$ cat model19.txt   # compact mmCIF, C-alpha atoms
# COMPACT_ATOMS: atom_id res chain seq x y z
CA MET A 238 -28.83 29.14 46.23
CA LYS A 239 -31.61 31.23 47.67
CA PRO A 240 -31.97 30.42 51.39
CA ILE A 241 -35.21 28.99 52.78
CA THR A 242 -36.75 29.65 56.18
CA VAL A 243 -38.93 26.93 57.70
CA PRO A 244 -40.61 26.61 61.11
CA GLY A 245 -38.54 24.66 63.66
CA THR A 246 -40.85 21.63 63.69
CA LEU A 247 -40.46 17.99 62.64
CA VAL A 248 -42.78 18.53 59.68
CA SER A 249 -40.12 20.82 58.20
CA LEU A 250 -37.49 18.06 58.05
CA SER A 251 -38.58 16.80 54.65
CA LEU A 252 -38.43 20.38 53.27
CA ILE A 253 -34.88 20.74 54.59
CA ARG A 254 -33.89 17.42 52.98
CA ASP A 255 -35.48 18.53 49.69
CA TYR A 256 -33.40 21.71 49.79
CA ALA A 257 -30.20 19.74 50.49
CA ARG A 258 -31.03 17.33 47.67
CA THR A 259 -31.58 20.19 45.22
CA ALA A 260 -28.31 21.84 46.27
CA ALA A 261 -26.48 18.52 45.85
CA ALA A 262 -27.90 18.15 42.35
CA GLU A 263 -26.76 21.67 41.45
CA ALA A 264 -23.29 20.87 42.78
CA GLY A 265 -23.22 17.67 40.75
CA LEU A 266 -22.85 15.28 43.71
CA ASP A 267 -23.49 11.62 42.98
CA LYS A 268 -26.35 9.65 44.52
CA LYS A 269 -24.35 8.31 47.45
CA ARG A 270 -22.86 11.64 48.51
CA THR A 271 -26.25 13.30 48.06
CA TYR A 272 -27.87 10.80 50.42
CA ARG A 273 -25.11 11.22 52.98
CA LEU A 274 -25.41 15.01 52.91
CA GLU A 275 -29.19 14.77 53.26
CA LEU A 276 -28.77 12.50 56.27
CA ALA A 277 -26.20 14.78 57.92
CA VAL A 278 -28.34 17.89 57.52
CA ASP A 279 -31.50 16.04 58.61
CA GLU A 280 -29.87 14.74 61.80
CA ILE A 281 -28.73 18.16 62.96
CA ALA A 282 -32.06 19.75 61.98
CA THR A 283 -33.81 17.08 64.04
CA ASN A 284 -31.70 17.98 67.07
CA ILE A 285 -32.42 21.68 66.60
CA VAL A 286 -36.17 20.99 66.51
CA ASN A 287 -36.28 18.45 69.34
CA HIS A 288 -33.66 19.75 71.76
CA GLY A 289 -33.05 23.35 70.71
CA TYR A 290 -36.68 24.37 70.43
CA GLN A 291 -39.27 21.85 71.69
CA GLU A 292 -37.57 20.54 74.86
CA ALA A 293 -36.51 24.07 75.78
CA GLY A 294 -40.08 25.32 75.34
CA LEU A 295 -38.99 27.64 72.57
CA THR A 296 -40.29 28.25 69.08
CA GLY A 297 -38.28 29.53 66.16
CA ASP A 298 -37.29 29.03 62.58
CA VAL A 299 -34.51 27.19 60.82
CA VAL A 300 -32.80 28.99 57.96
CA VAL A 301 -31.11 26.78 55.38
CA HIS A 302 -28.59 28.22 52.98
CA ALA A 303 -26.43 26.51 50.37
CA THR A 304 -23.36 27.97 48.71
CA ILE A 305 -21.65 26.31 45.79
CA THR A 306 -18.07 27.14 44.87
CA ALA A 307 -15.78 25.53 42.33
CA HIS A 308 -14.62 22.98 44.90
CA ALA A 309 -17.30 22.52 47.51
CA LEU A 310 -20.94 22.64 48.48
CA THR A 311 -21.57 24.26 51.86
CA ILE A 312 -24.91 24.08 53.65
CA VAL A 313 -25.56 26.17 56.75
CA LEU A 314 -28.41 25.60 59.21
CA GLU A 315 -29.15 28.59 61.41
CA ASP A 316 -31.42 28.68 64.45
CA THR A 317 -32.13 30.94 67.40
CA ALA A 318 -32.24 28.32 70.15
CA MET A 319 -29.78 28.43 73.08
CA PRO A 320 -26.12 28.09 72.05
CA PHE A 321 -25.32 24.43 71.56
CA ASP A 322 -22.36 22.79 69.89
CA PRO A 323 -23.60 19.36 68.71
CA ARG A 324 -20.06 17.99 68.61
CA ARG A 325 -20.36 17.67 72.40
CA LEU A 326 -22.83 14.81 71.89
CA THR A 327 -20.70 12.36 69.95
CA ARG A 328 -19.87 9.18 71.76
CA PRO A 329 -18.47 6.82 69.14
CA GLU A 330 -17.60 4.17 71.74
CA GLN A 331 -21.32 3.32 71.95
CA ILE A 332 -21.21 1.99 68.42
CA ASP A 333 -19.74 -1.24 69.79
CA LEU A 334 -22.48 -1.88 72.33
CA PRO A 335 -25.19 -4.46 71.56
CA LEU A 336 -28.53 -2.95 70.53
CA ALA A 337 -30.34 -3.84 73.73
CA GLU A 338 -27.73 -2.10 75.88
CA ARG A 339 -27.37 1.17 74.03
CA PRO A 340 -28.16 4.45 75.65
CA ILE A 341 -30.18 6.72 73.41
CA GLY A 342 -28.62 9.91 72.06
CA GLY A 343 -25.57 11.11 70.22
CA LEU A 344 -26.21 8.81 67.29
CA GLY A 345 -27.57 11.53 65.03
CA VAL A 346 -24.61 13.81 65.58
CA PHE A 347 -22.23 10.92 64.94
CA LEU A 348 -23.97 10.28 61.60
CA ALA A 349 -23.92 13.98 60.72
CA ILE A 350 -20.19 14.32 61.27
CA GLU A 351 -19.33 11.01 59.57
CA ASN A 352 -21.33 11.75 56.43
CA VAL A 353 -19.81 15.05 55.31
CA ASP A 354 -16.23 16.04 54.53
CA GLU A 355 -16.25 18.76 57.14
CA PHE A 356 -18.63 19.72 59.94
CA ARG A 357 -18.30 23.01 61.82
CA TYR A 358 -20.26 24.83 64.46
CA GLU A 359 -20.23 28.48 65.43
CA TYR A 360 -22.39 30.84 67.44
CA VAL A 361 -22.67 34.25 65.78
CA ASP A 362 -25.04 37.16 66.50
CA ASP A 363 -27.35 35.05 68.72
CA HIS A 364 -27.58 32.31 66.09
CA ASN A 365 -26.35 28.72 66.13
CA ARG A 366 -24.69 28.00 62.81
CA ASN A 367 -24.18 24.34 61.88
CA ILE A 368 -22.04 24.13 58.76
CA PHE A 369 -21.71 21.13 56.43
CA VAL A 370 -19.09 21.01 53.69
CA VAL A 371 -18.94 18.42 50.92
CA LYS A 372 -16.22 18.47 48.29
CA ARG A 373 -17.56 18.48 44.75
CA THR A 374 -15.03 15.93 43.57
CA ALA A 375 -15.00 12.61 45.39
CA ALA A 376 -12.02 12.40 47.74
CA MET B 1016 -42.12 11.11 50.11
CA SER B 1017 -44.04 10.16 53.23
CA PHE B 1018 -43.69 7.07 55.38
CA THR B 1019 -46.05 4.17 55.89
CA VAL B 1020 -45.73 1.11 58.09
CA THR B 1021 -48.02 -1.89 57.85
CA SER B 1022 -47.82 -4.76 60.31
CA GLU B 1023 -49.08 -8.30 60.54
CA MET B 1024 -48.67 -11.17 62.96
CA LYS B 1025 -48.36 -14.77 61.77
CA ASN B 1026 -46.76 -17.90 63.22
CA GLY B 1027 -45.53 -15.86 66.17
CA ILE B 1028 -43.67 -13.48 63.86
CA ALA B 1029 -44.38 -9.76 63.91
CA GLN B 1030 -43.77 -8.47 60.40
CA PHE B 1031 -43.55 -4.80 59.47
CA THR B 1032 -43.33 -3.43 55.95
CA LEU B 1033 -41.67 0.00 55.87
CA VAL B 1034 -42.18 2.24 52.84
CA GLY B 1035 -40.86 5.73 52.11
CA GLU B 1036 -38.76 8.01 54.30
CA LEU B 1037 -38.32 7.18 57.98
CA ASP B 1038 -37.21 10.42 59.62
CA ALA B 1039 -37.81 11.82 63.11
CA ALA B 1040 -41.26 13.02 62.09
CA ALA B 1041 -42.25 9.51 61.00
CA ALA B 1042 -40.57 7.50 63.76
CA GLY B 1043 -43.52 7.92 66.16
CA GLY B 1044 -45.78 5.92 63.87
CA PHE B 1045 -43.25 3.10 63.61
CA LYS B 1046 -42.72 3.10 67.37
CA ALA B 1047 -46.48 2.88 67.96
CA ALA B 1048 -46.69 -0.11 65.59
CA ILE B 1049 -43.85 -1.85 67.48
CA GLU B 1050 -45.55 -1.20 70.81
CA GLN B 1051 -48.82 -2.64 69.56
CA ALA B 1052 -47.10 -5.77 68.22
CA ALA B 1053 -45.10 -6.23 71.43
CA ALA B 1054 -48.37 -6.87 73.27
CA ASN B 1055 -48.68 -10.14 71.28
CA GLN B 1056 -45.24 -11.27 72.47
CA PRO B 1057 -43.83 -12.31 69.09
CA LYS B 1058 -40.91 -14.77 68.90
CA ARG B 1059 -39.30 -12.84 66.06
CA VAL B 1060 -39.54 -9.48 64.35
CA VAL B 1061 -39.25 -9.12 60.57
CA LEU B 1062 -38.77 -5.74 58.91
CA ILE B 1063 -39.35 -5.63 55.15
CA MET B 1064 -37.34 -2.66 53.90
CA ASN B 1065 -37.20 -3.03 50.09
CA GLU B 1066 -39.16 0.19 49.64
CA LEU B 1067 -37.64 2.14 52.49
CA THR B 1068 -35.68 4.86 50.68
CA TYR B 1069 -34.42 6.80 53.68
CA MET B 1070 -33.74 6.14 57.36
CA ALA B 1071 -32.43 8.64 59.90
CA SER B 1072 -31.12 7.83 63.38
CA ALA B 1073 -34.68 8.16 64.68
CA GLY B 1074 -35.37 4.94 62.76
CA LEU B 1075 -32.32 3.26 64.27
CA ARG B 1076 -33.46 4.32 67.74
CA THR B 1077 -36.80 2.67 67.03
CA LEU B 1078 -34.88 -0.57 66.37
CA VAL B 1079 -33.24 -0.18 69.78
CA PHE B 1080 -36.69 0.42 71.23
CA ALA B 1081 -38.00 -2.74 69.51
CA LYS B 1082 -35.17 -4.83 70.91
CA GLN B 1083 -35.70 -3.47 74.41
CA LYS B 1084 -39.49 -3.80 74.19
CA MET B 1085 -39.61 -7.32 72.72
CA GLY B 1086 -36.71 -8.68 74.75
CA ALA B 1087 -33.07 -9.33 73.90
CA ASN B 1088 -33.84 -12.95 72.89
CA VAL B 1089 -36.26 -11.88 70.13
CA ASP B 1090 -34.28 -11.76 66.87
CA ILE B 1091 -34.87 -8.85 64.49
CA TYR B 1092 -34.59 -9.67 60.77
CA VAL B 1093 -34.00 -6.83 58.32
CA ILE B 1094 -34.97 -7.85 54.80
CA GLY B 1095 -34.02 -6.30 51.45
CA VAL B 1096 -32.51 -3.09 52.76
CA GLN B 1097 -31.45 -0.54 50.13
CA GLU B 1098 -27.76 0.30 49.80
CA ALA B 1099 -27.86 3.79 51.33
CA VAL B 1100 -29.86 2.62 54.33
CA ARG B 1101 -27.55 -0.37 54.70
CA GLU B 1102 -24.59 1.99 54.86
CA THR B 1103 -26.16 3.84 57.80
CA ILE B 1104 -26.93 0.58 59.61
CA GLU B 1105 -23.35 -0.60 59.15
CA MET B 1106 -21.76 2.75 59.99
CA THR B 1107 -23.50 2.72 63.36
CA GLY B 1108 -22.76 -0.93 64.10
CA PHE B 1109 -26.42 -1.96 64.13
CA HIS B 1110 -25.76 -4.82 61.73
CA HIS B 1111 -24.21 -6.70 64.67
CA SER B 1112 -27.50 -6.61 66.53
CA VAL B 1113 -29.93 -7.52 63.75
CA ILE B 1114 -29.92 -10.27 61.12
CA MET B 1115 -29.75 -8.85 57.60
CA LEU B 1116 -31.09 -10.89 54.69
CA ASP B 1117 -31.38 -9.94 51.01
CA THR B 1118 -34.69 -11.74 50.59
CA TYR B 1119 -37.32 -13.29 52.82
CA ASP B 1120 -36.05 -16.74 53.76
CA ALA B 1121 -38.86 -18.58 55.57
CA ALA B 1122 -36.57 -21.41 56.76
CA GLU B 1123 -33.94 -19.02 58.13
CA ILE B 1124 -36.54 -16.87 59.85
CA GLY B 1125 -38.37 -19.91 61.24
CA ASP B 1126 -41.63 -19.08 59.50
CA VAL B 1127 -42.85 -22.66 59.24
$ encode --input "model19.txt" --output "structure tokens"
Amino acid sequence: MKPITVPGTLVSLSLIRDYARTAAAEAGLDKKRTYRLELAVDEIATNIVNHGYQEAGLTGDVVVHATITAHALTIVLEDTAMPFDPRRLTRPEQIDLPLAERPIGGLGVFLAIENVDEFRYEYVDDHNRNIFVVKRTAA
Amino acid sequence: MSFTVTSEMKNGIAQFTLVGELDAAAAGGFKAAIEQAAANQPKRVVLIMNELTYMASAGLRTLVFAKQKMGANVDIYVIGVQEAVRETIEMTGFHHSVIMLDTYDAAEIGDV
């Protein structure tokens, strides 16, 4: 699919979800897997906007690109914030804590990783690349 | 689809109706509504979610905020949640900290 470039702001999140939803439809994913992919992409995009850009006092874009092969749909989010591997944020042990005692943070990354078949991160040519892979046939 | 939250207070119950997509961009509005309701010191919180089609972790964090703001002894009821949103709530263990009901049950909620 043709990539889209959107400003790294919270307003762009719904555009990024729309793109993921369209890609999922083209790849023939069912409703449940489409929702899960949308959620995964949205969570990482949120972190890019909030932590990568806004908290760091930076501005930049997010490029979203989907590739569909015979077996899988891959969505890549690219940004120009400081290098950051979101996998560092997962703390699944917090899932067992009562609501009132939970520290905030890490939840979005947990959801992102749990909701796709494969999640990868790489830093290439001054760009963070967050990569989501969903198999086209249900596992 | 955008997000709207409407709130009302009756019989000591703060009730919020959530409609649309609750992402990080929308969570601020929900949080503000919670803060406003917390000033009235409700005994319970009811969230009507039948028409909430999407919820990201920002929405879950607002539930944490609600629990911390209202007090641990104030029960949060989640009513009519859609399947996809339910899956997120269960995946993150939040269903242990809120009371999930399919429909509004006045007796169960204590709305008498």
$ interface_residues --input "model19.txt" --of "chain B" --to "chain A" --cutoff "10 Å" --atoms "only C-alpha atoms" --output "ChimeraX atom specification"
/B:1016-1017,1036,1038-1041,1068-1073,1075-1076,1078-1088,1098-1100,1102-1103,1105-1113
$ residues_around --input "model19.txt" --residues "Lys1046 (chain B)" --least-positions-apart "2" --cutoff "9 Å" --atoms "only C-alpha atoms" --output "PDB file with C-alpha atoms, in the frame of the given file"
ATOM      1  CA  ALA B1042     -40.570   7.500  63.760  1.00  0.00           C
ATOM      2  CA  GLY B1043     -43.520   7.920  66.160  1.00  0.00           C
ATOM      3  CA  GLY B1044     -45.780   5.920  63.870  1.00  0.00           C
ATOM      4  CA  ALA B1048     -46.690  -0.110  65.590  1.00  0.00           C
ATOM      5  CA  ILE B1049     -43.850  -1.850  67.480  1.00  0.00           C
ATOM      6  CA  GLU B1050     -45.550  -1.200  70.810  1.00  0.00           C
ATOM      7  CA  GLN B1051     -48.820  -2.640  69.560  1.00  0.00           C
ATOM      8  CA  GLY B1074     -35.370   4.940  62.760  1.00  0.00           C
ATOM      9  CA  THR B1077     -36.800   2.670  67.030  1.00  0.00           C
ATOM     10  CA  LEU B1078     -34.880  -0.570  66.370  1.00  0.00           C
ATOM     11  CA  PHE B1080     -36.690   0.420  71.230  1.00  0.00           C
ATOM     12  CA  ALA B1081     -38.000  -2.740  69.510  1.00  0.00           C
TER      13      ALA B1081
END
$ atom_distance --input "model19.txt" --atom1 "CA of Val353 (chain A)" --atom2 "CA of Asp1117 (chain B)"
27.9 Å
$ closest_residue --input "model19.txt" --among "A:Thr271, A:Ala257, A:Val278, A:Tyr290" --to "Gly245 (chain A)" --atoms "only C-alpha atoms"
A:Tyr290
$ atom_distance --input "model19.txt" --atom1 "CA of Asp362 (chain A)" --atom2 "CA of Asp316 (chain A)"
10.8 Å
$ build_atoms --input "model19.txt" --residues "region 1038-1067 of chain B" --atoms "N, CA and C atoms" --output "compact mmCIF listing (two decimals), keeping the file's coordinate frame"
# COMPACT_ATOMS: atom_id res chain seq x y z
N ASP B 1038 -37.97 9.38 58.92
CA ASP B 1038 -37.21 10.42 59.62
C ASP B 1038 -37.79 10.60 61.02
N ALA B 1039 -37.35 11.63 61.73
CA ALA B 1039 -37.81 11.82 63.11
C ALA B 1039 -39.30 12.11 63.17
N ALA B 1040 -39.84 12.72 62.11
CA ALA B 1040 -41.26 13.02 62.09
C ALA B 1040 -42.08 11.74 61.96
N ALA B 1041 -41.52 10.75 61.28
CA ALA B 1041 -42.25 9.51 61.00
C ALA B 1041 -42.03 8.43 62.06
N ALA B 1042 -40.98 8.58 62.85
CA ALA B 1042 -40.57 7.50 63.76
C ALA B 1042 -41.65 7.17 64.80
N GLY B 1043 -42.45 8.16 65.17
CA GLY B 1043 -43.52 7.92 66.16
C GLY B 1043 -44.50 6.87 65.70
N GLY B 1044 -44.83 6.89 64.42
CA GLY B 1044 -45.78 5.92 63.87
C GLY B 1044 -45.21 4.51 63.90
N PHE B 1045 -43.93 4.40 63.59
CA PHE B 1045 -43.25 3.10 63.61
C PHE B 1045 -43.17 2.57 65.04
N LYS B 1046 -42.85 3.47 65.96
CA LYS B 1046 -42.72 3.10 67.37
C LYS B 1046 -44.07 2.59 67.92
N ALA B 1047 -45.14 3.27 67.52
CA ALA B 1047 -46.48 2.88 67.96
C ALA B 1047 -46.83 1.48 67.44
N ALA B 1048 -46.43 1.20 66.18
CA ALA B 1048 -46.69 -0.11 65.59
C ALA B 1048 -45.91 -1.20 66.33
N ILE B 1049 -44.69 -0.90 66.73
CA ILE B 1049 -43.85 -1.85 67.48
C ILE B 1049 -44.50 -2.14 68.84
N GLU B 1050 -44.95 -1.06 69.49
CA GLU B 1050 -45.55 -1.20 70.81
C GLU B 1050 -46.78 -2.09 70.77
N GLN B 1051 -47.60 -1.87 69.72
CA GLN B 1051 -48.82 -2.64 69.56
C GLN B 1051 -48.49 -4.11 69.35
N ALA B 1052 -47.48 -4.38 68.52
CA ALA B 1052 -47.10 -5.77 68.22
C ALA B 1052 -46.48 -6.44 69.44
N ALA B 1053 -45.77 -5.67 70.26
CA ALA B 1053 -45.10 -6.23 71.43
C ALA B 1053 -46.11 -6.86 72.39
N ALA B 1054 -47.33 -6.35 72.39
CA ALA B 1054 -48.37 -6.87 73.27
C ALA B 1054 -48.67 -8.34 72.95
N ASN B 1055 -48.42 -8.75 71.70
CA ASN B 1055 -48.68 -10.14 71.28
C ASN B 1055 -47.49 -11.06 71.55
N GLN B 1056 -46.45 -10.52 72.13
CA GLN B 1056 -45.24 -11.27 72.47
C GLN B 1056 -44.72 -12.15 71.34
N PRO B 1057 -44.35 -11.54 70.23
CA PRO B 1057 -43.83 -12.31 69.09
C PRO B 1057 -42.49 -12.98 69.44
N LYS B 1058 -42.20 -14.07 68.71
CA LYS B 1058 -40.91 -14.77 68.90
C LYS B 1058 -39.82 -14.10 68.07
N ARG B 1059 -40.25 -13.50 66.95
CA ARG B 1059 -39.30 -12.84 66.06
C ARG B 1059 -39.94 -11.59 65.47
N VAL B 1060 -39.07 -10.70 65.02
CA VAL B 1060 -39.54 -9.48 64.35
C VAL B 1060 -38.92 -9.45 62.95
N VAL B 1061 -39.74 -9.21 61.95
CA VAL B 1061 -39.25 -9.12 60.57
C VAL B 1061 -39.59 -7.73 60.02
N LEU B 1062 -38.57 -7.07 59.49
CA LEU B 1062 -38.77 -5.74 58.91
C LEU B 1062 -38.48 -5.81 57.42
N ILE B 1063 -39.51 -5.62 56.61
CA ILE B 1063 -39.35 -5.63 55.15
C ILE B 1063 -39.01 -4.20 54.71
N MET B 1064 -37.81 -4.02 54.17
CA MET B 1064 -37.34 -2.66 53.90
C MET B 1064 -37.04 -2.37 52.43
N ASN B 1065 -37.49 -3.24 51.52
CA ASN B 1065 -37.20 -3.03 50.09
C ASN B 1065 -37.58 -1.63 49.59
N GLU B 1066 -38.67 -1.12 50.13
CA GLU B 1066 -39.16 0.19 49.64
C GLU B 1066 -38.91 1.32 50.62
N LEU B 1067 -38.02 1.07 51.57
CA LEU B 1067 -37.64 2.14 52.49
C LEU B 1067 -36.46 2.90 51.86
